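Remarks on the structure that follows.
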Amino acid sequence: MSEPDVTSAPAASSARSASAPAPLTGLRVLDLATLFAGPLAATMLGDFGAEVIKVEHPTRPDPSRGHGPSKDGVGLWWKLLGRNKHTITLDLSKPAGRATLLRLAATADVVVENFRPGTLEKWDLGWDELSAVNPRLVLTRVTGFGQFGPYARRPGFGTLAEAMSGFAAMTGEPDAPPTLPPFGLADSIAALATAYAVMTALAARERTGEGQVVDMAIIEPILTVLGPQPLWYDQLGHVQPRTGNRSQNNAPRNTYRTADGTWVAVSTSAQSVAERVMRLVGRPELIDEPWFATGADRARHTDVLDAAVGDWIARHTRADVLAAFEKAEAAIAPVQDVRDVMADPQYQALDTVTTVDDPELGPLRMQNVLFRLSATPGAIRWAGRPHGADTEEVLTGLGLTPADVKELREEGVV
C-alpha cells in the first residue's frame, strides 16, 4: 500500500536518503491500542519505517486525540502519538468488523492491543483466531496487570503502576506525601519495553518461522528501571525511604538555587567529581575527612556537603555557576522547563526537537525519533492524521471495493 502523498502527510525536516530505507521498512503493524503505552510503542516502530495502521472505533476515537491542549480543535498530543500512522476506523465488535480485522491481520506482522484480558476473545479475535489466519503474527498485549493473576481484569493505568511499583513511595520529600509524576511515566517506560519485546519476538520468528504472544504488564517495566529494590529487600530487609533530591548513594546530589533565582542540579556519583566540586566551592578540607572517601559515607554527611555547595551557588548567577563547573570538569545542569529545552544548544545540535510540516496546523515542533542510526536512520514522515483518514485506501488495498467500503459505512462498521 502506498503512503499518503506529500500534500496529506508531508515529510519531516530530517529526511532519509533514498538509498537507505528505514530498518523496519516492510513491517506492517496494526495498532488497536489506546492511552498510551501500546500506541507509543507502535509510534516508535513507525518512526523507523514500519507501516503502522491505527485502528479506531468509528464513533469513539483514541482518547489521546482529546488529551491535553488543542489548537483549532485539533488535539496536539495526538499529533505526536499518531505520527507515521495511517488511520482507519473499524468496529471490532460487529461481525463485519471482525471479518475485516482478520483480513488485515492476515497481511500484518504485528498487532498491538490493550483491551482488558478476554475482550478480543469475546469478539472471536483472540490468539487462536488471529494465528489461524497468520501463523507468523506477533500479538502484543499491553495491559495494566498482564493477562493472568488476581488483578488481570481490573482497569489499569500508568498511575496505578507508579503507585504499585514503589516509585511513588520513594519519590518526594521525607516528610511529604508520596509523589506521582505529572506525566505518563509508567506508560512511556512500558512503551519502550513493548517496542523491545516486539523486536525480540520478530527476531525469534526469523529462526522459528512462527509468531507468538507478547504479554506486557505496565506494572513491570517501571519496577525494572527502579533498580535493585527487591534485591536489597530480599537480602538486607532494606526499604528505600523518600529522600527528596538527595541520594543514599552519593553526595552532594541535589538542586541548588542560584543568586539570580534559578536552579541547577549537581551530581557527584564519581569520587573524582566530588573532589572537584569541593575544591571549586572553596571547601577542599572536606576531601580529607575519612567519610569523604565513598559515596555512601558522603551521603551520611549530606547536610554538611549541601551547605557547602548550596552556599557557594547561592552567591553566583546561574551563568557563572555553569561556567565555573564546566571549567572544573564537574557535573552540573540547569533545571530547565520546556522553554529552556526548546532553546538549549545541545538539543538543537542533536535536532532532538524537530519541525514537521502538517496540513492541518502547519509547521509543528515535536520530539524527533528516539535515537540516531548512521546508515538507516528513522524519520517523522507525517504527524498524527485525522480520525479515519486512510480507511478507504487501506481497505481497498485489502481487495474491498469502494462499494464494499460504502456498505460498511452504512452499517456503522467503519
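So you can find residues: chains in the C-alpha cells are A, B, ... in the order shown, residues in each start at 1, and ligands are numbered from 1 in order.
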Looking only at strand (DSSP E) from DSSP on the backbone, list the matching residues of segment 269-398 of chain A as a PyMOL selection string. chain A and resi 332-334+353-358+362-367
Within 12 Å of Trp77 of chain A using only C-alpha atoms, minus same-chain residues under 2 positions, as a PyMOL selection string: chain A and resi 35-36+39-40+62-71+74-75+79-83+364-367+383-385
Let's have the selection written as a PDB file, in the first residue's frame, with C-alpha atoms.
```
ATOM      1  CA  LEU A  35      -3.824   5.548  26.065  1.00  0.00           C
ATOM      2  CA  PHE A  36      -0.710   5.408  25.913  1.00  0.00           C
ATOM      3  CA  PRO A  39       0.160   3.366  20.836  1.00  0.00           C
ATOM      4  CA  LEU A  40       3.534   4.869  21.760  1.00  0.00           C
ATOM      5  CA  ASP A  62      -8.438   7.087  20.666  1.00  0.00           C
ATOM      6  CA  PRO A  63      -8.952   9.340  23.721  1.00  0.00           C
ATOM      7  CA  SER A  64      -5.454  10.731  23.254  1.00  0.00           C
ATOM      8  CA  ARG A  65      -6.945  12.894  20.489  1.00  0.00           C
ATOM      9  CA  GLY A  66      -8.675  14.855  23.248  1.00  0.00           C
ATOM     10  CA  HIS A  67      -5.999  14.763  25.935  1.00  0.00           C
ATOM     11  CA  GLY A  68      -4.270  17.993  26.857  1.00  0.00           C
ATOM     12  CA  PRO A  69      -4.304  21.284  24.951  1.00  0.00           C
ATOM     13  CA  SER A  70      -5.662  21.576  21.428  1.00  0.00           C
ATOM     14  CA  LYS A  71      -5.313  24.121  18.644  1.00  0.00           C
ATOM     15  CA  VAL A  74      -7.091  19.547  16.894  1.00  0.00           C
ATOM     16  CA  GLY A  75      -5.513  17.671  19.809  1.00  0.00           C
ATOM     17  CA  LYS A  79      -0.044  14.860  16.528  1.00  0.00           C
ATOM     18  CA  LEU A  80       2.896  13.308  18.391  1.00  0.00           C
ATOM     19  CA  LEU A  81       1.390   9.928  19.298  1.00  0.00           C
ATOM     20  CA  GLY A  82      -0.244   9.413  15.906  1.00  0.00           C
ATOM     21  CA  ARG A  83       2.702  10.349  13.734  1.00  0.00           C
ATOM     22  CA  LEU A 364       4.916  21.656  14.283  1.00  0.00           C
ATOM     23  CA  ARG A 365       7.849  21.193  16.627  1.00  0.00           C
ATOM     24  CA  MET A 366       7.952  17.852  18.410  1.00  0.00           C
ATOM     25  CA  GLN A 367      10.407  15.294  19.743  1.00  0.00           C
ATOM     26  CA  ALA A 383       2.226  13.991  12.139  1.00  0.00           C
ATOM     27  CA  GLY A 384      -0.942  12.396  13.508  1.00  0.00           C
ATOM     28  CA  ARG A 385      -3.682  12.298  10.890  1.00  0.00           C
TER      29      ARG A 385
END
```
With distances taken over only C-alpha atoms, which residue among A:Ala319, A:Ala132, A:Ala22, A:Ala152 lies nearest Gly118 of chain A?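 Among the listed residues, A:Ala152 lies closest to Gly118 of chain A.
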Taking 2 positions as the minimum chain separation for residues in the same chain, which residues sit within 10 Å of segment 217-220 of chain A when counting only C-alpha atoms? Answer as a count of residues only. 36
With distances taken over only C-alpha atoms, the candidate from A:Gly46, A:Gly97, A:Gly295, A:Gly399 nearest Pro58 of chain A is A:Gly97
At a cut-off of 12 Å, using only C-alpha atoms, what residues contact Gln336 of chain A? Leave out same-chain residues fewer than 2 positions from it and give the result as a PyMOL selection string. chain A and resi 255+262-265+318+333-334+338-344
So that I can see what lies close to Thr179 of chain A, please list as a ChimeraX atom specification the residues with an atom at most 9 Å from it, counting only C-alpha atoms and leaving out residues fewer than 6 positions away in the same chain. /A:163,167-173
If I take atom CA of Leu305 of chain A and atom CA of Arg253 of chain A, how far is one from the other in Å, to one decimal? 9.0 Å
So that I can check the surroundings of Asp303 of chain A, please list as an mmCIF file with N, CA and C atoms, in the first residue's frame every protein, DNA and RNA residue that reaches within 12 Å of it, counting only C-alpha atoms and ignoring chain neighbours fewer than 4 positions away.
```cif
data_model
loop_
_atom_site.group_PDB
_atom_site.id
_atom_site.type_symbol
_atom_site.label_atom_id
_atom_site.label_comp_id
_atom_site.auth_asym_id
_atom_site.auth_seq_id
_atom_site.Cartn_x
_atom_site.Cartn_y
_atom_site.Cartn_z
ATOM 1 N N ARG A 246 17.931 14.222 47.355
ATOM 2 C CA ARG A 246 19.167 13.625 47.850
ATOM 3 C C ARG A 246 19.224 12.143 47.505
ATOM 4 N N SER A 247 20.435 11.615 47.574
ATOM 5 C CA SER A 247 20.659 10.208 47.280
ATOM 6 C C SER A 247 21.285 9.521 48.487
ATOM 7 N N ALA A 251 26.853 12.000 47.599
ATOM 8 C CA ALA A 251 26.579 13.390 47.949
ATOM 9 C C ALA A 251 27.829 14.198 47.622
ATOM 10 N N PRO A 252 27.685 15.489 47.313
ATOM 11 C CA PRO A 252 26.428 16.213 47.179
ATOM 12 C C PRO A 252 25.684 15.833 45.912
ATOM 13 N N ARG A 253 24.374 15.748 46.038
ATOM 14 C CA ARG A 253 23.492 15.455 44.904
ATOM 15 C C ARG A 253 22.156 16.104 45.231
ATOM 16 N N ASN A 254 21.863 17.225 44.533
ATOM 17 C CA ASN A 254 20.678 17.977 44.892
ATOM 18 C C ASN A 254 20.427 19.042 43.832
ATOM 19 N N ARG A 298 29.670 9.727 52.143
ATOM 20 C CA ARG A 298 29.369 11.134 51.883
ATOM 21 C C ARG A 298 27.877 11.406 52.063
ATOM 22 N N ALA A 299 27.054 10.430 51.633
ATOM 23 C CA ALA A 299 25.609 10.610 51.747
ATOM 24 C C ALA A 299 25.170 10.733 53.204
ATOM 25 N N ALA A 307 25.307 22.198 52.397
ATOM 26 C CA ALA A 307 25.535 23.574 52.849
ATOM 27 C C ALA A 307 26.734 24.183 52.128
ATOM 28 N N ALA A 308 27.791 23.406 51.974
ATOM 29 C CA ALA A 308 28.987 23.913 51.299
ATOM 30 C C ALA A 308 28.688 24.284 49.846
ATOM 31 N N VAL A 309 28.023 23.399 49.161
ATOM 32 C CA VAL A 309 27.736 23.637 47.745
ATOM 33 C C VAL A 309 26.643 24.693 47.590
ATOM 34 N N GLY A 310 25.585 24.564 48.380
ATOM 35 C CA GLY A 310 24.460 25.482 48.258
ATOM 36 C C GLY A 310 24.828 26.918 48.575
ATOM 37 N N ASP A 311 25.661 27.119 49.594
ATOM 38 C CA ASP A 311 26.071 28.485 49.949
ATOM 39 C C ASP A 311 26.875 29.124 48.828
#
```
Within segment 258-335 of chain A, find each residue whose DSSP state, derived from the backbone, is helix (DSSP H, G or I), and express the selection as a count of residues only. 47
